[in-house]
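A.B. asks: Have a look at this one before I ask anything.
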Amino acid sequence: MKYCYIVSEGIQDVEFIIRIFENYGFKRLPKLSSVNDFWTPLIPTSFPKNDNLEQRVKVPRFLENNEISIAIQTAGGINSIAETIQEDALALKNDLSKSLFSIGVVLDADSKDKPKTRFEQLVKEVKERNPELSLPENLEERSGDLPKFGIFVMPDNNNQGTLETILLECAQKNYPHLYELASEYIDDDNLGQLTKKDLEELSKPAGKNKAIISSISSVLKPGRTLQVSIQDNRWLDEITMDLDSLKGVKDFLDKLIT
């Protein structure tokens, strides 16, 4: 069995990755009893952490086929990715070079920083906390030593953007009318009565894309989160999986598990 560990910034990214793997025939493992014993140290056994009732408990999502077992962890932001890898490595207790086949990181380029800058910053942070790991020298590579290590910056390792950049293309393909309605709704001319503080999140580089996607998902899954919509609706299916915008992340995930 190959053991592959992936960490992402947010829970929406996790669900997006799961849906891709499910399209490749991997089975989601929602029950503790079905999870491979190798991952048991990553599953929390107490609450709350550090006496903080408001802190989210990190629980990986698990998938498996006959040959590969995958754990996908949520870091809760780019600043916590290196720390999350370090914590989970310590929890597994084993020499990672002898236990894990690969480690993958998926993050967004949703700030003014270019993907290359985000990559270099993360490599430095991971190296400081996990000096035993062999890390890639650029975004297009995986480190040669086991565990293989790769980083993917959405949407395509080259341009600024986020998961929503990819989801917009999926929506245009499978939900074109909802996409048009949501885009019109989020248009500047319809937001004139909102204050600067009201528009603080919307004014961020990825703000409008996130608002459009959230509007679409609120119709598909009223009162539910985006990750639930990604899981249940037609964001990723046999039609959208062939989009060019998905090629980069699909190639990245394929190289992590082969």
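Labeling convention for the structure tokens: chains A, B, ... as they appear, residues from 1 per chain, ligands from 1 in order of appearance.
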Neighbouring residues of Arg129 of chain A were defined as those with any atom within 8 Å, considering only C-alpha atoms; residues of the same chain fewer than 2 positions away were excluded. Please report them as a PDB file with N, CA and C atoms, in the first residue's frame.

C.D. replies:
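As written to disk, selection_28.pdb reads:
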```
ATOM      1  N   ALA A  82       3.122  24.678   6.973  1.00  0.00           N
ATOM      2  CA  ALA A  82       4.374  24.074   7.438  1.00  0.00           C
ATOM      3  C   ALA A  82       4.211  23.495   8.837  1.00  0.00           C
ATOM      4  N   GLU A  83       3.490  24.206   9.699  1.00  0.00           N
ATOM      5  CA  GLU A  83       3.245  23.723  11.060  1.00  0.00           C
ATOM      6  C   GLU A  83       2.407  22.446  11.044  1.00  0.00           C
ATOM      7  N   GLN A  86       4.517  19.502  10.040  1.00  0.00           N
ATOM      8  CA  GLN A  86       5.388  19.126  11.155  1.00  0.00           C
ATOM      9  C   GLN A  86       4.608  18.362  12.227  1.00  0.00           C
ATOM     10  N   GLU A 125       9.681  27.706   4.780  1.00  0.00           N
ATOM     11  CA  GLU A 125       9.030  27.416   6.057  1.00  0.00           C
ATOM     12  C   GLU A 125       9.012  25.914   6.345  1.00  0.00           C
ATOM     13  N   VAL A 126       8.720  25.113   5.312  1.00  0.00           N
ATOM     14  CA  VAL A 126       8.682  23.658   5.509  1.00  0.00           C
ATOM     15  C   VAL A 126      10.066  23.132   5.844  1.00  0.00           C
ATOM     16  N   LYS A 127      11.093  23.659   5.166  1.00  0.00           N
ATOM     17  CA  LYS A 127      12.465  23.208   5.403  1.00  0.00           C
ATOM     18  C   LYS A 127      12.918  23.520   6.824  1.00  0.00           C
ATOM     19  N   PRO A 131      13.509  19.564   8.369  1.00  0.00           N
ATOM     20  CA  PRO A 131      14.774  19.525   7.611  1.00  0.00           C
ATOM     21  C   PRO A 131      15.075  18.171   6.991  1.00  0.00           C
TER      22      PRO A 131
END
```

A.B. asks: Would you list the contacts of segment 225-241 of chain A as a list of chain:residue names, taking every protein, DNA or RNA residue within 8 Å and counting only C-alpha atoms, but skipping same-chain residues closer than 4 positions in sequence?

C.D. replies: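 The neighbour list is A:Ile11, A:Gln12, A:Glu15, A:Phe16, A:Arg19, A:Ile20, A:Asn23, A:Leu167, A:Cys170, A:Ala171, A:Lys173, A:Asn174, A:Ser214, A:Ser217, A:Ser218, A:Leu220, A:Lys221, A:Leu246.
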
A.B. asks: Using only C-alpha atoms, which protein or nucleic acid residues come within 12 Å of Glu137 of chain A? Drop anything in the same chain fewer than 5 positions from it, and give the result as a PyMOL selection string.

C.D. replies: chain A and resi 116+119-124+127+142-144+149-151

A.B. asks: Find the residue from A:Asp108, A:Glu67, A:Glu169, A:Asp88 that sits nearest to Ile212 of chain A; use only C-alpha atoms when measuring.

C.D. replies: A:Glu169

A.B. asks: Check the DSSP output for the backbone and give back, as JSON, numbers by chain, the residues of segment 30-236 of chain A in helix (DSSP H, G or I).

C.D. replies: {"A": [32, 33, 34, 37, 38, 39, 40, 41, 42, 78, 79, 80, 81, 82, 83, 84, 85, 86, 87, 88, 89, 90, 91, 92, 96, 97, 98, 99, 115, 116, 117, 118, 119, 120, 121, 122, 123, 124, 125, 126, 127, 128, 129, 163, 164, 165, 166, 167, 168, 169, 170, 171, 172, 173, 174, 176, 177, 178, 179, 180, 181, 182, 183, 184, 185, 188, 189, 190, 207, 208, 209, 210, 211, 212, 213, 214, 215, 216, 217, 218, 219, 220, 226, 227, 228, 229, 230, 231, 232]}

A.B. asks: Excluding Ile68 of chain A and its own-chain neighbours fewer than 6 positions away, which residues fall within 8 Å of it when counting only C-alpha atoms? Please give them as a ChimeraX atom specification.

C.D. replies: /A:1-4,257

A.B. asks: Please identify which residues in segment 29-214 of chain A DSSP calls strand (DSSP E) from the backbone, and express them as a ChimeraX atom specification.

C.D. replies: /A:61-64,68-74,102-108,148-154

A.B. asks: Smallest atom-to-atom distance to Pro155 of chain A: which of A:Phe252, A:Phe38, A:Phe62, A:Phe21, using only C-alpha atoms?

C.D. replies: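 Looking at the shortest contact to Pro155 of chain A, the residue is A:Phe252.
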
A.B. asks: With only C-alpha atoms as the basis for distance, which of A:Lys210, A:Arg61, A:Lys197, A:Lys250 is at the shortest distance from Ile6 of chain A?

C.D. replies: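 Of the candidates, the smallest distance to Ile6 of chain A is held by A:Arg61.
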
A.B. asks: Name the residues in contact with Pro60 of chain A at a cut-off of 7 Å, using only C-alpha atoms, excluding same-chain residues fewer than 6 positions from it; report them as a PyMOL selection string.

C.D. replies: chain A and resi 71-74

A.B. asks: What separation in Å, quoted to one decimal, exists between atom CA of Ala91 of chain A and atom CA of Leu42 of chain A?

C.D. replies: 6.3 Å

A.B. asks: Return the single residue from A:Ala206, A:Lys58, A:Ser33, A:Val153 that is closest to Thr45 of chain A, with distances computed using only C-alpha atoms.

C.D. replies: A:Lys58

A.B. asks: Which residues are close to Asn157 of chain A, i.e. within 12 Å by only C-alpha atoms, leaving aside same-chain residues fewer than 2 positions away? Reply as a PyMOL selection string.

C.D. replies: chain A and resi 106-110+114-119+138-141+150-155+159-163+245-249+251-252

A.B. asks: Atom CA of Ser80 of chain A and atom CA of Pro30 of chain A, how far apart in Å?

C.D. replies: 24.5 Å

A.B. asks: Excluding Ser215 of chain A and its own-chain neighbours fewer than 5 positions away, which residues fall within 12 Å of it when counting only C-alpha atoms? Please give them as a ChimeraX atom specification.

C.D. replies: /A:164,168,171,175,178-186,208-210,220-226,229

A.B. asks: Save the residues we just selected, N, CA and C atoms, as a short mmCIF file (atom, residue, chain, number, x, y, z; two decimals), in the first residue's frame?

C.D. replies:
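Produced file again-v8.cif, reproduced below:
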```cif
data_model
loop_
_atom_site.label_atom_id
_atom_site.label_comp_id
_atom_site.auth_asym_id
_atom_site.auth_seq_id
_atom_site.Cartn_x
_atom_site.Cartn_y
_atom_site.Cartn_z
N GLU A 164 -11.70 29.12 -6.81
CA GLU A 164 -12.88 29.67 -7.49
C GLU A 164 -12.61 30.01 -8.94
N LEU A 168 -15.26 28.68 -11.60
CA LEU A 168 -15.99 29.55 -12.52
C LEU A 168 -16.14 28.90 -13.89
N ALA A 171 -18.64 26.16 -13.66
CA ALA A 171 -20.00 26.70 -13.61
C ALA A 171 -20.47 27.13 -14.99
N TYR A 175 -23.50 25.06 -15.29
CA TYR A 175 -24.55 25.93 -14.76
C TYR A 175 -24.48 27.31 -15.42
N LEU A 178 -27.11 30.04 -14.18
CA LEU A 178 -26.80 30.47 -12.82
C LEU A 178 -25.56 31.35 -12.80
N TYR A 179 -24.58 30.99 -13.61
CA TYR A 179 -23.35 31.79 -13.69
C TYR A 179 -23.65 33.21 -14.17
N GLU A 180 -24.47 33.35 -15.19
CA GLU A 180 -24.82 34.67 -15.72
C GLU A 180 -25.58 35.49 -14.68
N LEU A 181 -26.54 34.85 -14.01
CA LEU A 181 -27.33 35.56 -12.99
C LEU A 181 -26.44 36.01 -11.82
N ALA A 182 -25.55 35.13 -11.36
CA ALA A 182 -24.68 35.45 -10.24
C ALA A 182 -23.70 36.56 -10.61
N SER A 183 -23.16 36.53 -11.82
CA SER A 183 -22.22 37.55 -12.27
C SER A 183 -22.89 38.92 -12.33
N GLU A 184 -24.12 38.93 -12.81
CA GLU A 184 -24.87 40.19 -12.88
C GLU A 184 -25.18 40.71 -11.49
N TYR A 185 -25.52 39.81 -10.60
CA TYR A 185 -25.85 40.17 -9.22
C TYR A 185 -24.67 40.82 -8.50
N ILE A 186 -23.47 40.30 -8.77
CA ILE A 186 -22.27 40.80 -8.09
C ILE A 186 -21.66 42.00 -8.83
N LYS A 208 -14.59 38.93 -5.88
CA LYS A 208 -15.75 38.80 -6.77
C LYS A 208 -15.94 37.36 -7.23
N ASN A 209 -14.85 36.69 -7.57
CA ASN A 209 -14.97 35.29 -7.98
C ASN A 209 -15.57 34.43 -6.86
N LYS A 210 -15.11 34.67 -5.63
CA LYS A 210 -15.64 33.92 -4.50
C LYS A 210 -17.13 34.21 -4.30
N LEU A 220 -27.84 26.07 -5.35
CA LEU A 220 -27.76 24.61 -5.45
C LEU A 220 -27.93 23.93 -4.09
N LYS A 221 -27.38 24.57 -3.04
CA LYS A 221 -27.46 24.02 -1.69
C LYS A 221 -27.79 25.15 -0.70
N PRO A 222 -29.04 25.62 -0.68
CA PRO A 222 -29.40 26.74 0.22
C PRO A 222 -29.05 26.45 1.67
N GLY A 223 -28.36 27.40 2.27
CA GLY A 223 -28.01 27.26 3.69
C GLY A 223 -26.86 26.33 3.97
N ARG A 224 -26.24 25.79 2.92
CA ARG A 224 -25.12 24.87 3.11
C ARG A 224 -23.83 25.53 2.64
N THR A 225 -22.72 24.92 2.98
CA THR A 225 -21.41 25.48 2.63
C THR A 225 -21.01 25.10 1.21
N LEU A 226 -20.00 25.82 0.69
CA LEU A 226 -19.52 25.54 -0.66
C LEU A 226 -18.99 24.12 -0.78
N SER A 229 -21.67 21.73 -1.59
CA SER A 229 -22.08 21.83 -2.98
C SER A 229 -21.07 21.15 -3.91
#
```
